[in-house]
$ cat data_10.cif   # mmCIF, N, CA and C atoms
data_target
#
loop_
_atom_site.label_atom_id
_atom_site.label_comp_id
_atom_site.auth_asym_id
_atom_site.auth_seq_id
_atom_site.Cartn_x
_atom_site.Cartn_y
_atom_site.Cartn_z
N MET A 1 9.12 -9.36 -9.08
CA MET A 1 8.03 -8.80 -9.84
C MET A 1 8.29 -7.33 -10.15
N LYS A 2 8.89 -6.58 -9.20
CA LYS A 2 9.17 -5.17 -9.44
C LYS A 2 10.15 -4.99 -10.59
N LYS A 3 11.16 -5.89 -10.67
CA LYS A 3 12.13 -5.80 -11.76
C LYS A 3 11.44 -6.00 -13.10
N THR A 4 10.48 -6.92 -13.16
CA THR A 4 9.75 -7.17 -14.40
C THR A 4 8.97 -5.94 -14.81
N LEU A 5 8.27 -5.30 -13.87
CA LEU A 5 7.49 -4.12 -14.20
C LEU A 5 8.38 -2.97 -14.66
N VAL A 6 9.52 -2.78 -14.02
CA VAL A 6 10.46 -1.73 -14.41
C VAL A 6 10.98 -2.00 -15.82
N ALA A 7 11.32 -3.25 -16.10
CA ALA A 7 11.84 -3.59 -17.42
C ALA A 7 10.78 -3.40 -18.50
N VAL A 8 9.54 -3.76 -18.23
CA VAL A 8 8.46 -3.57 -19.20
C VAL A 8 8.21 -2.08 -19.42
N ALA A 9 8.25 -1.27 -18.35
CA ALA A 9 8.07 0.17 -18.49
C ALA A 9 9.20 0.77 -19.33
N ALA A 10 10.43 0.32 -19.11
CA ALA A 10 11.57 0.81 -19.89
C ALA A 10 11.41 0.41 -21.36
N LEU A 11 10.96 -0.81 -21.59
CA LEU A 11 10.74 -1.27 -22.96
C LEU A 11 9.66 -0.43 -23.63
N ALA A 12 8.60 -0.12 -22.91
CA ALA A 12 7.52 0.69 -23.47
C ALA A 12 8.02 2.08 -23.83
N ALA A 13 8.89 2.65 -23.00
CA ALA A 13 9.44 3.97 -23.28
C ALA A 13 10.30 3.94 -24.54
N VAL A 14 11.15 2.91 -24.66
CA VAL A 14 12.00 2.77 -25.84
C VAL A 14 11.15 2.47 -27.06
N SER A 15 10.14 1.63 -26.90
CA SER A 15 9.28 1.25 -28.02
C SER A 15 8.51 2.44 -28.56
N GLY A 16 8.19 3.40 -27.70
CA GLY A 16 7.45 4.57 -28.14
C GLY A 16 8.20 5.36 -29.19
N ALA A 17 9.52 5.27 -29.22
CA ALA A 17 10.32 6.00 -30.19
C ALA A 17 10.40 5.27 -31.52
N MET A 18 9.98 4.03 -31.57
CA MET A 18 10.05 3.24 -32.80
C MET A 18 8.78 3.44 -33.62
N ALA A 19 8.91 3.30 -34.94
CA ALA A 19 7.79 3.54 -35.83
C ALA A 19 6.73 2.45 -35.77
N ASP A 20 7.11 1.19 -35.81
CA ASP A 20 6.16 0.08 -35.87
C ASP A 20 6.36 -0.83 -34.66
N VAL A 21 5.47 -0.73 -33.68
CA VAL A 21 5.55 -1.55 -32.47
C VAL A 21 4.21 -2.26 -32.29
N THR A 22 4.28 -3.54 -31.97
CA THR A 22 3.08 -4.34 -31.75
C THR A 22 3.15 -5.00 -30.39
N ILE A 23 2.08 -4.90 -29.63
CA ILE A 23 1.96 -5.61 -28.36
C ILE A 23 0.79 -6.56 -28.50
N THR A 24 1.07 -7.84 -28.40
CA THR A 24 0.04 -8.87 -28.50
C THR A 24 0.21 -9.87 -27.37
N GLY A 25 -0.68 -10.81 -27.30
CA GLY A 25 -0.55 -11.84 -26.28
C GLY A 25 -1.59 -12.93 -26.46
N LEU A 26 -1.54 -13.85 -25.55
CA LEU A 26 -2.44 -14.98 -25.56
C LEU A 26 -2.78 -15.31 -24.11
N VAL A 27 -4.06 -15.42 -23.83
CA VAL A 27 -4.49 -15.80 -22.48
C VAL A 27 -5.11 -17.19 -22.57
N GLU A 28 -4.55 -18.11 -21.82
CA GLU A 28 -5.06 -19.48 -21.78
C GLU A 28 -5.43 -19.81 -20.34
N ALA A 29 -6.70 -20.06 -20.11
CA ALA A 29 -7.16 -20.39 -18.76
C ALA A 29 -8.29 -21.42 -18.86
N ALA A 30 -8.43 -22.19 -17.82
CA ALA A 30 -9.49 -23.19 -17.76
C ALA A 30 -10.07 -23.23 -16.36
N TYR A 31 -11.34 -23.53 -16.28
CA TYR A 31 -12.01 -23.70 -15.00
C TYR A 31 -12.24 -25.20 -14.83
N SER A 32 -11.64 -25.78 -13.81
CA SER A 32 -11.78 -27.21 -13.60
C SER A 32 -12.49 -27.48 -12.27
N THR A 33 -13.26 -28.53 -12.28
CA THR A 33 -13.98 -28.92 -11.06
C THR A 33 -13.80 -30.41 -10.81
N SER A 34 -13.85 -30.75 -9.56
CA SER A 34 -13.87 -32.15 -9.15
C SER A 34 -14.77 -32.21 -7.92
N THR A 35 -14.96 -33.38 -7.39
CA THR A 35 -15.80 -33.49 -6.20
C THR A 35 -15.19 -32.80 -5.00
N ALA A 36 -13.87 -32.63 -5.01
CA ALA A 36 -13.19 -32.03 -3.86
C ALA A 36 -12.86 -30.55 -4.03
N SER A 37 -12.71 -30.07 -5.29
CA SER A 37 -12.28 -28.68 -5.44
C SER A 37 -12.71 -28.10 -6.78
N ARG A 38 -12.57 -26.78 -6.85
CA ARG A 38 -12.77 -26.02 -8.09
C ARG A 38 -11.57 -25.10 -8.22
N ALA A 39 -11.08 -24.93 -9.45
CA ALA A 39 -9.89 -24.09 -9.62
C ALA A 39 -9.80 -23.55 -11.04
N ILE A 40 -9.13 -22.42 -11.14
CA ILE A 40 -8.75 -21.89 -12.45
C ILE A 40 -7.32 -22.36 -12.69
N THR A 41 -7.09 -22.96 -13.83
CA THR A 41 -5.76 -23.47 -14.15
C THR A 41 -5.27 -22.84 -15.45
N THR A 42 -3.99 -22.95 -15.67
CA THR A 42 -3.37 -22.44 -16.89
C THR A 42 -2.24 -23.37 -17.30
N GLY A 43 -1.79 -23.23 -18.51
CA GLY A 43 -0.65 -24.02 -18.97
C GLY A 43 -1.01 -25.36 -19.57
N GLN A 44 -2.28 -25.62 -19.80
CA GLN A 44 -2.67 -26.90 -20.38
C GLN A 44 -2.27 -27.02 -21.85
N ASN A 45 -2.29 -25.89 -22.56
CA ASN A 45 -1.97 -25.90 -24.00
C ASN A 45 -0.87 -24.91 -24.34
N GLY A 46 0.13 -24.79 -23.51
CA GLY A 46 1.25 -23.90 -23.80
C GLY A 46 1.31 -22.67 -22.91
N GLY A 47 0.23 -22.31 -22.27
CA GLY A 47 0.24 -21.19 -21.34
C GLY A 47 0.01 -19.84 -21.98
N SER A 48 -0.16 -18.85 -21.13
CA SER A 48 -0.38 -17.48 -21.57
C SER A 48 0.94 -16.79 -21.81
N GLU A 49 0.90 -15.76 -22.65
CA GLU A 49 2.12 -15.03 -22.97
C GLU A 49 1.79 -13.61 -23.40
N VAL A 50 2.77 -12.74 -23.27
CA VAL A 50 2.69 -11.37 -23.78
C VAL A 50 3.88 -11.16 -24.70
N ARG A 51 3.62 -10.48 -25.84
CA ARG A 51 4.67 -10.31 -26.86
C ARG A 51 4.82 -8.82 -27.20
N PHE A 52 6.06 -8.39 -27.35
CA PHE A 52 6.39 -7.06 -27.83
C PHE A 52 7.24 -7.26 -29.07
N GLY A 53 6.87 -6.62 -30.15
CA GLY A 53 7.66 -6.74 -31.37
C GLY A 53 7.63 -5.44 -32.14
N GLY A 54 8.64 -5.22 -32.94
CA GLY A 54 8.64 -4.00 -33.73
C GLY A 54 9.81 -3.91 -34.66
N SER A 55 9.77 -2.86 -35.47
CA SER A 55 10.85 -2.60 -36.39
C SER A 55 10.96 -1.10 -36.62
N GLU A 56 12.14 -0.68 -37.00
CA GLU A 56 12.39 0.72 -37.30
C GLU A 56 13.17 0.80 -38.60
N ASP A 57 12.66 1.58 -39.53
CA ASP A 57 13.34 1.78 -40.80
C ASP A 57 14.54 2.70 -40.57
N LEU A 58 15.73 2.20 -40.86
CA LEU A 58 16.96 2.96 -40.66
C LEU A 58 17.42 3.66 -41.94
N GLY A 59 16.68 3.46 -43.01
CA GLY A 59 17.05 4.07 -44.28
C GLY A 59 17.85 3.13 -45.15
N ASN A 60 17.90 3.41 -46.43
CA ASN A 60 18.63 2.60 -47.41
C ASN A 60 18.21 1.14 -47.39
N GLY A 61 16.94 0.87 -47.09
CA GLY A 61 16.42 -0.50 -47.09
C GLY A 61 16.80 -1.33 -45.88
N LEU A 62 17.40 -0.73 -44.86
CA LEU A 62 17.83 -1.44 -43.66
C LEU A 62 16.84 -1.20 -42.52
N LYS A 63 16.51 -2.26 -41.79
CA LYS A 63 15.58 -2.16 -40.66
C LYS A 63 16.17 -2.81 -39.42
N ALA A 64 15.88 -2.24 -38.25
CA ALA A 64 16.20 -2.85 -36.96
C ALA A 64 14.92 -3.51 -36.47
N ASN A 65 15.00 -4.74 -35.95
CA ASN A 65 13.83 -5.51 -35.53
C ASN A 65 14.04 -6.06 -34.12
N PHE A 66 12.93 -6.25 -33.40
CA PHE A 66 13.00 -6.94 -32.12
C PHE A 66 11.73 -7.74 -31.88
N ASN A 67 11.85 -8.83 -31.12
CA ASN A 67 10.73 -9.67 -30.72
C ASN A 67 11.02 -10.18 -29.31
N LEU A 68 10.14 -9.84 -28.36
CA LEU A 68 10.32 -10.23 -26.97
C LEU A 68 9.03 -10.89 -26.48
N GLU A 69 9.15 -12.07 -25.88
CA GLU A 69 7.99 -12.82 -25.38
C GLU A 69 8.24 -13.31 -23.97
N SER A 70 7.25 -13.11 -23.10
CA SER A 70 7.31 -13.59 -21.72
C SER A 70 6.11 -14.46 -21.42
N SER A 71 6.32 -15.47 -20.59
CA SER A 71 5.20 -16.30 -20.16
C SER A 71 4.48 -15.61 -19.00
N LEU A 72 3.23 -16.03 -18.79
CA LEU A 72 2.38 -15.41 -17.79
C LEU A 72 1.43 -16.47 -17.26
N ALA A 73 1.32 -16.60 -15.94
CA ALA A 73 0.41 -17.56 -15.33
C ALA A 73 -0.87 -16.83 -14.92
N VAL A 74 -1.95 -17.06 -15.64
CA VAL A 74 -3.21 -16.37 -15.38
C VAL A 74 -3.80 -16.77 -14.03
N ASP A 75 -3.63 -18.00 -13.63
CA ASP A 75 -4.24 -18.48 -12.39
C ASP A 75 -3.61 -17.89 -11.14
N THR A 76 -2.31 -17.57 -11.20
CA THR A 76 -1.62 -17.02 -10.02
C THR A 76 -1.19 -15.57 -10.21
N GLY A 77 -1.15 -15.09 -11.45
CA GLY A 77 -0.70 -13.74 -11.73
C GLY A 77 0.80 -13.61 -11.77
N VAL A 78 1.52 -14.72 -11.71
CA VAL A 78 2.97 -14.71 -11.69
C VAL A 78 3.51 -14.70 -13.12
N ALA A 79 4.42 -13.76 -13.37
CA ALA A 79 5.08 -13.72 -14.67
C ALA A 79 6.33 -14.58 -14.61
N GLY A 80 6.70 -15.15 -15.74
CA GLY A 80 7.93 -15.93 -15.81
C GLY A 80 9.13 -14.99 -15.77
N SER A 81 10.30 -15.53 -15.93
CA SER A 81 11.49 -14.70 -16.02
C SER A 81 11.31 -13.75 -17.21
N LEU A 82 11.87 -12.58 -17.11
CA LEU A 82 11.68 -11.58 -18.15
C LEU A 82 12.11 -12.12 -19.51
N PHE A 83 11.18 -12.13 -20.45
CA PHE A 83 11.38 -12.59 -21.82
C PHE A 83 11.95 -14.00 -21.85
N ASP A 84 11.33 -14.90 -21.07
CA ASP A 84 11.80 -16.28 -20.97
C ASP A 84 11.44 -17.14 -22.18
N ARG A 85 10.56 -16.68 -23.05
CA ARG A 85 10.21 -17.46 -24.23
C ARG A 85 11.09 -17.10 -25.42
N THR A 86 11.17 -15.81 -25.72
CA THR A 86 11.96 -15.35 -26.86
C THR A 86 12.49 -13.96 -26.58
N ALA A 87 13.70 -13.70 -26.96
CA ALA A 87 14.27 -12.35 -26.91
C ALA A 87 15.25 -12.24 -28.08
N THR A 88 14.81 -11.59 -29.16
CA THR A 88 15.67 -11.44 -30.32
C THR A 88 15.72 -9.98 -30.75
N VAL A 89 16.87 -9.55 -31.19
CA VAL A 89 17.09 -8.23 -31.74
C VAL A 89 17.94 -8.44 -32.98
N GLY A 90 17.59 -7.78 -34.07
CA GLY A 90 18.37 -8.00 -35.28
C GLY A 90 18.17 -6.92 -36.32
N MET A 91 18.78 -7.14 -37.44
CA MET A 91 18.71 -6.23 -38.59
C MET A 91 18.23 -7.02 -39.78
N SER A 92 17.53 -6.33 -40.68
CA SER A 92 17.08 -6.98 -41.91
C SER A 92 17.12 -5.98 -43.06
N GLY A 93 17.08 -6.49 -44.26
CA GLY A 93 17.07 -5.64 -45.44
C GLY A 93 18.38 -5.71 -46.20
N SER A 94 18.46 -4.85 -47.18
CA SER A 94 19.65 -4.83 -48.03
C SER A 94 20.66 -3.82 -47.51
N GLN A 95 21.91 -4.07 -47.82
CA GLN A 95 22.97 -3.13 -47.47
C GLN A 95 23.37 -2.36 -48.72
N VAL A 96 23.49 -1.08 -48.60
CA VAL A 96 23.85 -0.25 -49.76
C VAL A 96 25.24 0.30 -49.57
#
$ encode --input "data_10.cif" --output "structure tokens"
Amino acid sequence: MKKTLVAVAALAAVSGAMADVTITGLVEAAYSTSTASRAITTGQNGGSEVRFGGSEDLGNGLKANFNLESSLAVDTGVAGSLFDRTATVGMSGSQV
């Protein structure tokens, strides 16, 4: 868990230097009951996630882009492996 927090903090520091950064996510949780127990569950419809994405204009119509997604278990507070859903870095635009 400490490695995940350090990596997210490092990402936030790097992201702060970029022009367009978006942090979004999805929280999916359910409260279930039965005659024997009550519980908060997650993962019924794909699970919770946190996303970091952004782009930086490099000039001449060229952009650097990134998209990072990690899963998150709301019921236990356990994060998945760092960026276990998606981790992409790339370039877009025209070359001059």
$ atom_distance --input "data_10.cif" --atom1 "atom CA of Asn45 of chain A" --atom2 "atom CA of Glu28 of chain A"
7.5 Å
$ resolve_selection --input "data_10.cif" --expression "the PyMOL selection byres ((chain A and resi 40-44) around 7)" --output "compact mmCIF listing (two decimals) with N, CA and C atoms, keeping the file's coordinate frame"
# COMPACT_ATOMS: atom_id res chain seq x y z
N GLU A 28 -4.55 -18.11 -21.82
CA GLU A 28 -5.06 -19.48 -21.78
C GLU A 28 -5.43 -19.81 -20.34
N ALA A 29 -6.70 -20.06 -20.11
CA ALA A 29 -7.16 -20.39 -18.76
C ALA A 29 -8.29 -21.42 -18.86
N ALA A 30 -8.43 -22.19 -17.82
CA ALA A 30 -9.49 -23.19 -17.76
C ALA A 30 -10.07 -23.23 -16.36
N TYR A 31 -11.34 -23.53 -16.28
CA TYR A 31 -12.01 -23.70 -15.00
C TYR A 31 -12.24 -25.20 -14.83
N SER A 32 -11.64 -25.78 -13.81
CA SER A 32 -11.78 -27.21 -13.60
C SER A 32 -12.49 -27.48 -12.27
N ARG A 38 -12.57 -26.78 -6.85
CA ARG A 38 -12.77 -26.02 -8.09
C ARG A 38 -11.57 -25.10 -8.22
N ALA A 39 -11.08 -24.93 -9.45
CA ALA A 39 -9.89 -24.09 -9.62
C ALA A 39 -9.80 -23.55 -11.04
N ASN A 45 -2.29 -25.89 -22.56
CA ASN A 45 -1.97 -25.90 -24.00
C ASN A 45 -0.87 -24.91 -24.34
N GLY A 46 0.13 -24.79 -23.51
CA GLY A 46 1.25 -23.90 -23.80
C GLY A 46 1.31 -22.67 -22.91
N GLY A 47 0.23 -22.31 -22.27
CA GLY A 47 0.24 -21.19 -21.34
C GLY A 47 0.01 -19.84 -21.98
N SER A 48 -0.16 -18.85 -21.13
CA SER A 48 -0.38 -17.48 -21.57
C SER A 48 0.94 -16.79 -21.81
N ALA A 73 1.32 -16.60 -15.94
CA ALA A 73 0.41 -17.56 -15.33
C ALA A 73 -0.87 -16.83 -14.92
N VAL A 74 -1.95 -17.06 -15.64
CA VAL A 74 -3.21 -16.37 -15.38
C VAL A 74 -3.80 -16.77 -14.03
N ASP A 75 -3.63 -18.00 -13.63
CA ASP A 75 -4.24 -18.48 -12.39
C ASP A 75 -3.61 -17.89 -11.14
$ atom_distance --input "data_10.cif" --atom1 "atom CA of Ala79 of chain A" --atom2 "atom N of Thr22 of chain A"
20.1 Å
$ atom_distance --input "data_10.cif" --atom1 "atom CA of Gly53 of chain A" --atom2 "atom C of Val78 of chain A"
20.3 Å
$ residues_near_point --input "data_10.cif" --point "(12.7, -13.2, -28.2)" --cutoff "7 Å" --atoms "only N, CA and C atoms" --output "PyMOL selection string"
chain A and resi 66-69+83+85-89
$ select_by_dssp --input "data_10.cif" --residues "segment 20-56 of chain A" --states "strand (DSSP E or B)" --output "short mmCIF file (atom, residue, chain, number, x, y, z; two decimals) with N, CA and C atoms, in the frame of the given file"
data_model
loop_
_atom_site.label_atom_id
_atom_site.label_comp_id
_atom_site.auth_asym_id
_atom_site.auth_seq_id
_atom_site.Cartn_x
_atom_site.Cartn_y
_atom_site.Cartn_z
N ASP A 20 7.11 1.19 -35.81
CA ASP A 20 6.16 0.08 -35.87
C ASP A 20 6.36 -0.83 -34.66
N VAL A 21 5.47 -0.73 -33.68
CA VAL A 21 5.55 -1.55 -32.47
C VAL A 21 4.21 -2.26 -32.29
N THR A 22 4.28 -3.54 -31.97
CA THR A 22 3.08 -4.34 -31.75
C THR A 22 3.15 -5.00 -30.39
N ILE A 23 2.08 -4.90 -29.63
CA ILE A 23 1.96 -5.61 -28.36
C ILE A 23 0.79 -6.56 -28.50
N THR A 24 1.07 -7.84 -28.40
CA THR A 24 0.04 -8.87 -28.50
C THR A 24 0.21 -9.87 -27.37
N GLY A 25 -0.68 -10.81 -27.30
CA GLY A 25 -0.55 -11.84 -26.28
C GLY A 25 -1.59 -12.93 -26.46
N LEU A 26 -1.54 -13.85 -25.55
CA LEU A 26 -2.44 -14.98 -25.56
C LEU A 26 -2.78 -15.31 -24.11
N ALA A 30 -8.43 -22.19 -17.82
CA ALA A 30 -9.49 -23.19 -17.76
C ALA A 30 -10.07 -23.23 -16.36
N TYR A 31 -11.34 -23.53 -16.28
CA TYR A 31 -12.01 -23.70 -15.00
C TYR A 31 -12.24 -25.20 -14.83
N SER A 32 -11.64 -25.78 -13.81
CA SER A 32 -11.78 -27.21 -13.60
C SER A 32 -12.49 -27.48 -12.27
N THR A 33 -13.26 -28.53 -12.28
CA THR A 33 -13.98 -28.92 -11.06
C THR A 33 -13.80 -30.41 -10.81
N ARG A 38 -12.57 -26.78 -6.85
CA ARG A 38 -12.77 -26.02 -8.09
C ARG A 38 -11.57 -25.10 -8.22
N ALA A 39 -11.08 -24.93 -9.45
CA ALA A 39 -9.89 -24.09 -9.62
C ALA A 39 -9.80 -23.55 -11.04
N ILE A 40 -9.13 -22.42 -11.14
CA ILE A 40 -8.75 -21.89 -12.45
C ILE A 40 -7.32 -22.36 -12.69
N THR A 41 -7.09 -22.96 -13.83
CA THR A 41 -5.76 -23.47 -14.15
C THR A 41 -5.27 -22.84 -15.45
N SER A 48 -0.16 -18.85 -21.13
CA SER A 48 -0.38 -17.48 -21.57
C SER A 48 0.94 -16.79 -21.81
N GLU A 49 0.90 -15.76 -22.65
CA GLU A 49 2.12 -15.03 -22.97
C GLU A 49 1.79 -13.61 -23.40
N VAL A 50 2.77 -12.74 -23.27
CA VAL A 50 2.69 -11.37 -23.78
C VAL A 50 3.88 -11.16 -24.70
N ARG A 51 3.62 -10.48 -25.84
CA ARG A 51 4.67 -10.31 -26.86
C ARG A 51 4.82 -8.82 -27.20
N PHE A 52 6.06 -8.39 -27.35
CA PHE A 52 6.39 -7.06 -27.83
C PHE A 52 7.24 -7.26 -29.07
N GLY A 53 6.87 -6.62 -30.15
CA GLY A 53 7.66 -6.74 -31.37
C GLY A 53 7.63 -5.44 -32.14
N GLY A 54 8.64 -5.22 -32.94
CA GLY A 54 8.64 -4.00 -33.73
C GLY A 54 9.81 -3.91 -34.66
N SER A 55 9.77 -2.86 -35.47
CA SER A 55 10.85 -2.60 -36.39
C SER A 55 10.96 -1.10 -36.62
N GLU A 56 12.14 -0.68 -37.00
CA GLU A 56 12.39 0.72 -37.30
C GLU A 56 13.17 0.80 -38.60
#
$ resolve_selection --input "data_10.cif" --expression "the PyMOL selection byres (((chain A and resi 92 and name CA) around 9) and name CA)" --output "ChimeraX atom specification"
/A:61-65,90-91,93-95
$ closest_residue --input "data_10.cif" --among "A:Ser70, A:Val27, A:Gly80, A:Asp20" --to "Arg51 of chain A" --atoms "only N, CA and C atoms"
A:Ser70
$ closest_residue --input "data_10.cif" --among "A:Ser55, A:Gly77, A:Ser71, A:Glu49" --to "Leu26 of chain A" --atoms "only C-alpha atoms"
A:Glu49
$ axis_aligned_box --input "data_10.cif" --around "segment 75-90 of chain A" --padding-each-side "8 Å" --output "AutoDock Vina command-line options"
--center_x 7.1 --center_y -12.7 --center_z -23.2 --size_x 38.6 --size_y 27.6 --size_z 42.3
